[in-house]
>>> print(open('input_32.cif').read())   # mmCIF, N, CA and C atoms
data_run
loop_
_atom_site.label_atom_id
_atom_site.label_comp_id
_atom_site.auth_asym_id
_atom_site.auth_seq_id
_atom_site.Cartn_x
_atom_site.Cartn_y
_atom_site.Cartn_z
N MET A 1 -38.78 14.84 2.37
CA MET A 1 -37.87 14.18 1.48
C MET A 1 -36.62 15.02 1.21
N ILE A 2 -36.76 16.31 1.23
CA ILE A 2 -35.64 17.20 0.99
C ILE A 2 -34.64 17.12 2.14
N GLU A 3 -35.14 16.84 3.36
CA GLU A 3 -34.26 16.76 4.52
C GLU A 3 -33.25 15.62 4.35
N ILE A 4 -33.65 14.53 3.75
CA ILE A 4 -32.74 13.40 3.53
C ILE A 4 -31.63 13.81 2.57
N GLY A 5 -31.96 14.60 1.59
CA GLY A 5 -30.95 15.11 0.67
C GLY A 5 -29.91 15.96 1.38
N TYR A 6 -30.36 16.77 2.33
CA TYR A 6 -29.42 17.58 3.11
C TYR A 6 -28.53 16.70 3.98
N VAL A 7 -29.08 15.63 4.52
CA VAL A 7 -28.29 14.71 5.34
C VAL A 7 -27.23 14.05 4.48
N TYR A 8 -27.60 13.59 3.29
CA TYR A 8 -26.63 12.99 2.38
C TYR A 8 -25.54 13.99 1.99
N LEU A 9 -25.93 15.20 1.73
CA LEU A 9 -24.97 16.24 1.37
C LEU A 9 -24.01 16.53 2.53
N ALA A 10 -24.54 16.62 3.73
CA ALA A 10 -23.69 16.86 4.90
C ALA A 10 -22.73 15.69 5.13
N CYS A 11 -23.23 14.47 4.98
CA CYS A 11 -22.36 13.29 5.14
C CYS A 11 -21.28 13.27 4.07
N GLY A 12 -21.62 13.68 2.87
CA GLY A 12 -20.63 13.76 1.80
C GLY A 12 -19.53 14.75 2.11
N PHE A 13 -19.91 15.91 2.66
CA PHE A 13 -18.90 16.90 3.04
C PHE A 13 -18.01 16.41 4.17
N VAL A 14 -18.59 15.71 5.12
CA VAL A 14 -17.80 15.16 6.23
C VAL A 14 -16.83 14.12 5.70
N LEU A 15 -17.30 13.24 4.84
CA LEU A 15 -16.43 12.22 4.25
C LEU A 15 -15.32 12.86 3.43
N LEU A 16 -15.63 13.87 2.67
CA LEU A 16 -14.61 14.59 1.89
C LEU A 16 -13.58 15.24 2.81
N ALA A 17 -14.02 15.82 3.91
CA ALA A 17 -13.09 16.43 4.86
C ALA A 17 -12.17 15.39 5.48
N ILE A 18 -12.70 14.22 5.79
CA ILE A 18 -11.88 13.15 6.36
C ILE A 18 -10.84 12.69 5.34
N ILE A 19 -11.24 12.52 4.10
CA ILE A 19 -10.32 12.07 3.05
C ILE A 19 -9.21 13.09 2.83
N ILE A 20 -9.57 14.35 2.79
CA ILE A 20 -8.56 15.41 2.59
C ILE A 20 -7.60 15.45 3.77
N ASN A 21 -8.13 15.32 4.98
CA ASN A 21 -7.28 15.33 6.17
C ASN A 21 -6.30 14.16 6.16
N LEU A 22 -6.78 12.98 5.79
CA LEU A 22 -5.89 11.82 5.71
C LEU A 22 -4.85 11.98 4.61
N ALA A 23 -5.24 12.55 3.49
CA ALA A 23 -4.31 12.74 2.38
C ALA A 23 -3.20 13.72 2.74
N ILE A 24 -3.53 14.72 3.51
CA ILE A 24 -2.53 15.71 3.90
C ILE A 24 -1.56 15.14 4.93
N LYS A 25 -2.06 14.39 5.89
CA LYS A 25 -1.23 13.91 7.00
C LYS A 25 -0.61 12.55 6.75
N PHE A 26 -0.95 11.88 5.65
CA PHE A 26 -0.46 10.53 5.39
C PHE A 26 1.01 10.57 5.00
N ASP A 27 1.85 9.86 5.73
CA ASP A 27 3.27 9.77 5.43
C ASP A 27 3.53 8.43 4.75
N ALA A 28 3.57 8.46 3.45
CA ALA A 28 3.67 7.23 2.66
C ALA A 28 4.97 6.49 2.91
N GLN A 29 6.07 7.20 3.03
CA GLN A 29 7.37 6.55 3.21
C GLN A 29 7.42 5.77 4.52
N THR A 30 6.89 6.34 5.57
CA THR A 30 6.86 5.65 6.85
C THR A 30 5.96 4.43 6.79
N TRP A 31 4.79 4.58 6.16
CA TRP A 31 3.86 3.44 6.05
C TRP A 31 4.48 2.31 5.25
N LEU A 32 5.18 2.65 4.17
CA LEU A 32 5.76 1.61 3.32
C LEU A 32 6.86 0.82 4.02
N THR A 33 7.70 1.49 4.76
CA THR A 33 8.89 0.84 5.30
C THR A 33 8.74 0.35 6.74
N ARG A 34 7.59 0.56 7.35
CA ARG A 34 7.39 0.13 8.74
C ARG A 34 7.53 -1.39 8.84
N ASP A 35 8.39 -1.84 9.73
CA ASP A 35 8.64 -3.26 10.01
C ASP A 35 9.24 -4.03 8.84
N LEU A 36 9.76 -3.33 7.84
CA LEU A 36 10.39 -4.00 6.69
C LEU A 36 11.88 -3.67 6.68
N ARG A 37 12.63 -4.50 6.00
CA ARG A 37 14.07 -4.28 5.84
C ARG A 37 14.36 -3.95 4.39
N PRO A 38 15.54 -3.37 4.14
CA PRO A 38 15.90 -3.09 2.74
C PRO A 38 15.89 -4.38 1.92
N GLY A 39 15.31 -4.31 0.76
CA GLY A 39 15.23 -5.47 -0.12
C GLY A 39 13.89 -6.16 -0.10
N ASP A 40 13.09 -5.91 0.94
CA ASP A 40 11.78 -6.56 1.02
C ASP A 40 10.85 -6.09 -0.09
N LEU A 41 10.85 -4.79 -0.35
CA LEU A 41 9.96 -4.28 -1.40
C LEU A 41 10.45 -4.67 -2.79
N TYR A 42 11.77 -4.80 -2.97
CA TYR A 42 12.29 -5.28 -4.25
C TYR A 42 11.83 -6.71 -4.50
N SER A 43 11.86 -7.54 -3.47
CA SER A 43 11.39 -8.90 -3.61
C SER A 43 9.89 -8.94 -3.84
N LEU A 44 9.16 -8.01 -3.23
CA LEU A 44 7.72 -7.93 -3.45
C LEU A 44 7.42 -7.59 -4.91
N VAL A 45 8.24 -6.77 -5.52
CA VAL A 45 8.08 -6.46 -6.94
C VAL A 45 8.19 -7.74 -7.78
N ASP A 46 9.19 -8.57 -7.47
CA ASP A 46 9.38 -9.83 -8.20
C ASP A 46 8.18 -10.76 -8.02
N VAL A 47 7.66 -10.82 -6.82
CA VAL A 47 6.51 -11.69 -6.55
C VAL A 47 5.27 -11.14 -7.26
N ALA A 48 5.04 -9.85 -7.17
CA ALA A 48 3.84 -9.24 -7.76
C ALA A 48 3.85 -9.34 -9.28
N SER A 49 5.02 -9.25 -9.88
CA SER A 49 5.10 -9.33 -11.34
C SER A 49 5.01 -10.76 -11.85
N GLY A 50 5.19 -11.72 -10.96
CA GLY A 50 5.18 -13.12 -11.37
C GLY A 50 6.54 -13.59 -11.86
N LEU A 51 7.52 -12.71 -11.80
CA LEU A 51 8.86 -13.04 -12.26
C LEU A 51 9.46 -14.15 -11.41
N ARG A 52 9.35 -14.02 -10.10
CA ARG A 52 9.85 -15.04 -9.18
C ARG A 52 8.83 -15.23 -8.06
N PRO A 53 7.81 -16.04 -8.25
CA PRO A 53 6.81 -16.22 -7.18
C PRO A 53 7.38 -16.91 -5.95
N ASP A 54 8.54 -17.56 -6.09
CA ASP A 54 9.18 -18.20 -4.94
C ASP A 54 10.38 -17.39 -4.48
N GLY A 55 10.45 -16.12 -4.86
CA GLY A 55 11.64 -15.31 -4.65
C GLY A 55 11.76 -14.63 -3.30
N LEU A 56 11.10 -15.14 -2.27
CA LEU A 56 11.21 -14.55 -0.95
C LEU A 56 11.95 -15.50 -0.02
N THR A 57 12.82 -14.92 0.80
CA THR A 57 13.41 -15.73 1.85
C THR A 57 12.36 -15.91 2.95
N ARG A 58 12.61 -16.81 3.86
CA ARG A 58 11.64 -17.07 4.93
C ARG A 58 11.41 -15.81 5.77
N ASP A 59 12.49 -15.08 6.07
CA ASP A 59 12.36 -13.85 6.86
C ASP A 59 11.55 -12.79 6.12
N GLN A 60 11.85 -12.61 4.82
CA GLN A 60 11.09 -11.64 4.03
C GLN A 60 9.63 -12.03 3.97
N ALA A 61 9.37 -13.30 3.75
CA ALA A 61 7.99 -13.76 3.68
C ALA A 61 7.25 -13.51 4.99
N ASP A 62 7.92 -13.77 6.10
CA ASP A 62 7.29 -13.53 7.41
C ASP A 62 6.96 -12.06 7.61
N ARG A 63 7.90 -11.18 7.26
CA ARG A 63 7.66 -9.74 7.44
C ARG A 63 6.55 -9.26 6.51
N LEU A 64 6.57 -9.67 5.26
CA LEU A 64 5.56 -9.22 4.31
C LEU A 64 4.19 -9.82 4.62
N MET A 65 4.15 -11.06 5.10
CA MET A 65 2.87 -11.66 5.50
C MET A 65 2.32 -10.98 6.74
N ALA A 66 3.20 -10.59 7.66
CA ALA A 66 2.75 -9.88 8.86
C ALA A 66 2.12 -8.54 8.50
N ARG A 67 2.62 -7.90 7.45
CA ARG A 67 2.04 -6.63 6.98
C ARG A 67 0.85 -6.84 6.06
N GLY A 68 0.59 -8.10 5.66
CA GLY A 68 -0.54 -8.38 4.79
C GLY A 68 -0.27 -8.08 3.33
N MET A 69 0.98 -8.07 2.92
CA MET A 69 1.33 -7.72 1.55
C MET A 69 1.48 -8.93 0.64
N VAL A 70 1.72 -10.11 1.21
CA VAL A 70 1.76 -11.35 0.43
C VAL A 70 1.02 -12.43 1.19
N ARG A 71 0.67 -13.48 0.45
CA ARG A 71 0.10 -14.66 1.10
C ARG A 71 0.74 -15.88 0.48
N ALA A 72 0.85 -16.92 1.26
CA ALA A 72 1.46 -18.16 0.79
C ALA A 72 0.48 -18.89 -0.10
N TYR A 73 1.00 -19.46 -1.17
CA TYR A 73 0.21 -20.24 -2.11
C TYR A 73 1.05 -21.47 -2.45
N GLY A 74 0.96 -22.48 -1.59
CA GLY A 74 1.83 -23.64 -1.75
C GLY A 74 3.25 -23.23 -1.39
N ALA A 75 4.19 -23.55 -2.28
CA ALA A 75 5.58 -23.17 -2.06
C ALA A 75 5.86 -21.76 -2.56
N ASN A 76 4.92 -21.18 -3.27
CA ASN A 76 5.07 -19.85 -3.85
C ASN A 76 4.32 -18.81 -3.02
N PHE A 77 4.45 -17.57 -3.43
CA PHE A 77 3.77 -16.47 -2.77
C PHE A 77 3.04 -15.64 -3.81
N ARG A 78 1.98 -14.99 -3.37
CA ARG A 78 1.24 -14.07 -4.22
C ARG A 78 1.08 -12.75 -3.51
N ALA A 79 1.20 -11.69 -4.27
CA ALA A 79 1.02 -10.36 -3.70
C ALA A 79 -0.48 -10.10 -3.50
N THR A 80 -0.83 -9.54 -2.36
CA THR A 80 -2.21 -9.19 -2.08
C THR A 80 -2.50 -7.80 -2.65
N MET A 81 -3.74 -7.38 -2.54
CA MET A 81 -4.09 -6.04 -3.01
C MET A 81 -3.35 -4.97 -2.20
N LYS A 82 -3.15 -5.23 -0.91
CA LYS A 82 -2.41 -4.29 -0.08
C LYS A 82 -0.96 -4.20 -0.54
N GLY A 83 -0.37 -5.33 -0.93
CA GLY A 83 1.00 -5.32 -1.44
C GLY A 83 1.11 -4.58 -2.75
N ARG A 84 0.15 -4.79 -3.62
CA ARG A 84 0.16 -4.07 -4.91
C ARG A 84 -0.05 -2.57 -4.69
N LEU A 85 -0.92 -2.23 -3.74
CA LEU A 85 -1.12 -0.81 -3.41
C LEU A 85 0.17 -0.21 -2.87
N ALA A 86 0.88 -0.95 -2.04
CA ALA A 86 2.16 -0.46 -1.50
C ALA A 86 3.16 -0.20 -2.62
N LEU A 87 3.18 -1.07 -3.62
CA LEU A 87 4.10 -0.87 -4.74
C LEU A 87 3.71 0.35 -5.57
N LEU A 88 2.41 0.57 -5.74
CA LEU A 88 1.97 1.77 -6.47
C LEU A 88 2.33 3.04 -5.71
N ILE A 89 2.13 3.02 -4.40
CA ILE A 89 2.48 4.19 -3.59
C ILE A 89 3.99 4.42 -3.64
N ARG A 90 4.76 3.35 -3.56
CA ARG A 90 6.23 3.46 -3.62
C ARG A 90 6.67 4.08 -4.95
N GLN A 91 6.03 3.63 -6.03
CA GLN A 91 6.37 4.17 -7.35
C GLN A 91 6.02 5.66 -7.42
N ARG A 92 4.88 6.03 -6.88
CA ARG A 92 4.45 7.43 -6.91
C ARG A 92 5.37 8.31 -6.07
N VAL A 93 5.78 7.82 -4.89
CA VAL A 93 6.69 8.58 -4.02
C VAL A 93 8.02 8.80 -4.73
N ARG A 94 8.52 7.77 -5.42
CA ARG A 94 9.78 7.92 -6.14
C ARG A 94 9.66 8.92 -7.28
N GLN A 95 8.54 8.89 -8.00
CA GLN A 95 8.34 9.84 -9.08
C GLN A 95 8.32 11.26 -8.54
N LEU A 96 7.63 11.47 -7.43
CA LEU A 96 7.55 12.81 -6.85
C LEU A 96 8.91 13.28 -6.37
N SER A 97 9.70 12.38 -5.78
CA SER A 97 11.01 12.79 -5.28
C SER A 97 11.98 13.08 -6.43
N GLN A 98 11.83 12.41 -7.56
CA GLN A 98 12.69 12.69 -8.71
C GLN A 98 12.29 14.00 -9.38
N ASN A 99 11.00 14.33 -9.35
CA ASN A 99 10.56 15.61 -9.94
C ASN A 99 11.01 16.79 -9.11
N VAL A 100 11.12 16.62 -7.81
CA VAL A 100 11.54 17.70 -6.93
C VAL A 100 13.04 17.96 -7.07
N ALA A 101 13.81 16.89 -7.22
CA ALA A 101 15.27 17.04 -7.28
C ALA A 101 15.76 17.62 -8.57
#
>>> encode(input="input_32.cif", output="structure tokens")
Amino acid sequence: MIEIGYVYLACGFVLLAIIINLAIKFDAQTWLTRDLRPGDLYSLVDVASGLRPDGLTRDQADRLMARGMVRAYGANFRATMKGRLALLIRQRVRQLSQNVA
């Protein structure tokens, strides 16, 4: 029974190493802006906040849907969890860049 505990512990260390490696090498700015144009994330903010659920142009909607950040809901759009995560990462990157400057 103790051997299973060691296996779980070893798997935990491997998982922790993978997470740390991804956190170090993850380039948030590149991930956020890949295949997007300026203004797409601003429009995503409007959609995610509910301020303007119809506030995307057809091109913006196509790009954001291709990235999985919004989904169509009738004539309106809704931000997905991936889109909300992108906005949180964007906010965090901006905070870090303002603290450095």
>>> resolve_selection(input="input_32.cif", expression="the PyMOL selection byres ((chain A and resi 68-84) around 7)", output="mmCIF file with N, CA and C atoms, in the coordinates of the input")
data_model
loop_
_atom_site.group_PDB
_atom_site.id
_atom_site.type_symbol
_atom_site.label_atom_id
_atom_site.label_comp_id
_atom_site.auth_asym_id
_atom_site.auth_seq_id
_atom_site.Cartn_x
_atom_site.Cartn_y
_atom_site.Cartn_z
ATOM 1 N N VAL A 47 7.660 -10.820 -6.820
ATOM 2 C CA VAL A 47 6.510 -11.690 -6.550
ATOM 3 C C VAL A 47 5.270 -11.140 -7.260
ATOM 4 N N ALA A 48 5.040 -9.850 -7.170
ATOM 5 C CA ALA A 48 3.840 -9.240 -7.760
ATOM 6 C C ALA A 48 3.850 -9.340 -9.280
ATOM 7 N N ARG A 52 9.350 -14.020 -10.100
ATOM 8 C CA ARG A 52 9.850 -15.040 -9.180
ATOM 9 C C ARG A 52 8.830 -15.230 -8.060
ATOM 10 N N PRO A 53 7.810 -16.040 -8.250
ATOM 11 C CA PRO A 53 6.810 -16.220 -7.180
ATOM 12 C C PRO A 53 7.380 -16.910 -5.950
ATOM 13 N N ASP A 54 8.540 -17.560 -6.090
ATOM 14 C CA ASP A 54 9.180 -18.200 -4.940
ATOM 15 C C ASP A 54 10.380 -17.390 -4.480
ATOM 16 N N GLY A 55 10.450 -16.120 -4.860
ATOM 17 C CA GLY A 55 11.640 -15.310 -4.650
ATOM 18 C C GLY A 55 11.760 -14.630 -3.300
ATOM 19 N N ARG A 63 7.900 -11.180 7.260
ATOM 20 C CA ARG A 63 7.660 -9.740 7.440
ATOM 21 C C ARG A 63 6.550 -9.260 6.510
ATOM 22 N N LEU A 64 6.570 -9.670 5.260
ATOM 23 C CA LEU A 64 5.560 -9.220 4.310
ATOM 24 C C LEU A 64 4.190 -9.820 4.620
ATOM 25 N N MET A 65 4.150 -11.060 5.100
ATOM 26 C CA MET A 65 2.870 -11.660 5.500
ATOM 27 C C MET A 65 2.320 -10.980 6.740
ATOM 28 N N ALA A 66 3.200 -10.590 7.660
ATOM 29 C CA ALA A 66 2.750 -9.880 8.860
ATOM 30 C C ALA A 66 2.120 -8.540 8.500
ATOM 31 N N ARG A 67 2.620 -7.900 7.450
ATOM 32 C CA ARG A 67 2.040 -6.630 6.980
ATOM 33 C C ARG A 67 0.850 -6.840 6.060
ATOM 34 N N LEU A 85 -0.920 -2.230 -3.740
ATOM 35 C CA LEU A 85 -1.120 -0.810 -3.410
ATOM 36 C C LEU A 85 0.170 -0.210 -2.870
ATOM 37 N N ALA A 86 0.880 -0.950 -2.040
ATOM 38 C CA ALA A 86 2.160 -0.460 -1.500
ATOM 39 C C ALA A 86 3.160 -0.200 -2.620
ATOM 40 N N LEU A 87 3.180 -1.070 -3.620
ATOM 41 C CA LEU A 87 4.100 -0.870 -4.740
ATOM 42 C C LEU A 87 3.710 0.350 -5.570
ATOM 43 N N LEU A 88 2.410 0.570 -5.740
ATOM 44 C CA LEU A 88 1.970 1.770 -6.470
ATOM 45 C C LEU A 88 2.330 3.040 -5.710
ATOM 46 N N ILE A 89 2.130 3.020 -4.400
ATOM 47 C CA ILE A 89 2.480 4.190 -3.590
ATOM 48 C C ILE A 89 3.990 4.420 -3.640
#
>>> residues_near_point(input="input_32.cif", point="(3.7, 7.5, -4.2)", cutoff="12 Å", atoms="only C-alpha atoms", output="ChimeraX atom specification")
/A:23,26-32,85-98
>>> atom_distance(input="input_32.cif", atom1="atom C of Asp46 of chain A", atom2="atom CA of Thr33 of chain A")
17.7 Å
>>> select_by_dssp(input="input_32.cif", residues="chain A", states="helix (DSSP H, G or I)", output="PyMOL selection string")
chain A and resi 2-25+28-33+40-49+58-66+81-100
>>> atom_distance(input="input_32.cif", atom1="atom N of Ile19 of chain A", atom2="atom CA of Tyr6 of chain A")
18.9 Å
>>> atom_distance(input="input_32.cif", atom1="atom CA of Arg34 of chain A", atom2="atom CA of Ala17 of chain A")
26.5 Å
>>> select_by_dssp(input="input_32.cif", residues="segment 12-89 of chain A", states="strand (DSSP E)", output="ChimeraX atom specification")
/A:70-73,76-79
>>> closest_residue(input="input_32.cif", among="A:Val45, A:Leu16, A:Ala10, A:Leu36", to="Gln60 of chain A", atoms="only C-alpha atoms")
A:Leu36
>>> decode(input="input_32.cif", residues="segment 33-47 of chain A", atoms="N, CA, C and O atoms", output="PDB file, in the first residue's frame")
ATOM      1  N   THR A  33      -2.515  37.554 -28.851  1.00  0.00           N
ATOM      2  CA  THR A  33      -2.689  38.295 -30.098  1.00  0.00           C
ATOM      3  C   THR A  33      -2.584  37.445 -31.356  1.00  0.00           C
ATOM      4  O   THR A  33      -2.757  37.972 -32.443  1.00  0.00           O
ATOM      5  N   ARG A  34      -2.340  36.153 -31.215  1.00  0.00           N
ATOM      6  CA  ARG A  34      -2.199  35.291 -32.390  1.00  0.00           C
ATOM      7  C   ARG A  34      -3.501  35.281 -33.190  1.00  0.00           C
ATOM      8  O   ARG A  34      -4.574  35.038 -32.665  1.00  0.00           O
ATOM      9  N   ASP A  35      -3.414  35.574 -34.465  1.00  0.00           N
ATOM     10  CA  ASP A  35      -4.532  35.578 -35.414  1.00  0.00           C
ATOM     11  C   ASP A  35      -5.595  36.630 -35.105  1.00  0.00           C
ATOM     12  O   ASP A  35      -6.713  36.533 -35.597  1.00  0.00           O
ATOM     13  N   LEU A  36      -5.284  37.606 -34.262  1.00  0.00           N
ATOM     14  CA  LEU A  36      -6.241  38.676 -33.952  1.00  0.00           C
ATOM     15  C   LEU A  36      -5.698  39.998 -34.471  1.00  0.00           C
ATOM     16  O   LEU A  36      -4.508  40.160 -34.684  1.00  0.00           O
ATOM     17  N   ARG A  37      -6.598  40.938 -34.653  1.00  0.00           N
ATOM     18  CA  ARG A  37      -6.220  42.282 -35.087  1.00  0.00           C
ATOM     19  C   ARG A  37      -6.457  43.258 -33.948  1.00  0.00           C
ATOM     20  O   ARG A  37      -7.195  42.968 -33.009  1.00  0.00           O
ATOM     21  N   PRO A  38      -5.837  44.446 -34.042  1.00  0.00           N
ATOM     22  CA  PRO A  38      -6.085  45.446 -33.001  1.00  0.00           C
ATOM     23  C   PRO A  38      -7.578  45.766 -32.911  1.00  0.00           C
ATOM     24  O   PRO A  38      -8.257  45.932 -33.923  1.00  0.00           O
ATOM     25  N   GLY A  39      -8.078  45.828 -31.715  1.00  0.00           N
ATOM     26  CA  GLY A  39      -9.492  46.121 -31.491  1.00  0.00           C
ATOM     27  C   GLY A  39     -10.328  44.896 -31.199  1.00  0.00           C
ATOM     28  O   GLY A  39     -11.427  45.010 -30.661  1.00  0.00           O
ATOM     29  N   ASP A  40      -9.823  43.710 -31.529  1.00  0.00           N
ATOM     30  CA  ASP A  40     -10.591  42.494 -31.277  1.00  0.00           C
ATOM     31  C   ASP A  40     -10.768  42.241 -29.778  1.00  0.00           C
ATOM     32  O   ASP A  40     -11.856  41.892 -29.319  1.00  0.00           O
ATOM     33  N   LEU A  41      -9.701  42.434 -29.018  1.00  0.00           N
ATOM     34  CA  LEU A  41      -9.809  42.191 -27.575  1.00  0.00           C
ATOM     35  C   LEU A  41     -10.639  43.275 -26.889  1.00  0.00           C
ATOM     36  O   LEU A  41     -11.325  42.999 -25.906  1.00  0.00           O
ATOM     37  N   TYR A  42     -10.611  44.502 -27.409  1.00  0.00           N
ATOM     38  CA  TYR A  42     -11.471  45.552 -26.857  1.00  0.00           C
ATOM     39  C   TYR A  42     -12.937  45.195 -27.068  1.00  0.00           C
ATOM     40  O   TYR A  42     -13.778  45.378 -26.181  1.00  0.00           O
ATOM     41  N   SER A  43     -13.259  44.683 -28.237  1.00  0.00           N
ATOM     42  CA  SER A  43     -14.625  44.262 -28.506  1.00  0.00           C
ATOM     43  C   SER A  43     -15.003  43.060 -27.655  1.00  0.00           C
ATOM     44  O   SER A  43     -16.148  42.925 -27.224  1.00  0.00           O
ATOM     45  N   LEU A  44     -14.037  42.182 -27.401  1.00  0.00           N
ATOM     46  CA  LEU A  44     -14.294  41.036 -26.533  1.00  0.00           C
ATOM     47  C   LEU A  44     -14.627  41.488 -25.116  1.00  0.00           C
ATOM     48  O   LEU A  44     -15.474  40.886 -24.449  1.00  0.00           O
ATOM     49  N   VAL A  45     -13.998  42.552 -24.659  1.00  0.00           N
ATOM     50  CA  VAL A  45     -14.315  43.111 -23.343  1.00  0.00           C
ATOM     51  C   VAL A  45     -15.785  43.548 -23.299  1.00  0.00           C
ATOM     52  O   VAL A  45     -16.494  43.271 -22.336  1.00  0.00           O
ATOM     53  N   ASP A  46     -16.238  44.226 -24.357  1.00  0.00           N
ATOM     54  CA  ASP A  46     -17.634  44.674 -24.414  1.00  0.00           C
ATOM     55  C   ASP A  46     -18.600  43.497 -24.405  1.00  0.00           C
ATOM     56  O   ASP A  46     -19.634  43.525 -23.747  1.00  0.00           O
ATOM     57  N   VAL A  47     -18.259  42.452 -25.132  1.00  0.00           N
ATOM     58  CA  VAL A  47     -19.127  41.273 -25.187  1.00  0.00           C
ATOM     59  C   VAL A  47     -19.125  40.557 -23.837  1.00  0.00           C
ATOM     60  O   VAL A  47     -20.178  40.164 -23.331  1.00  0.00           O
TER      61      VAL A  47
END
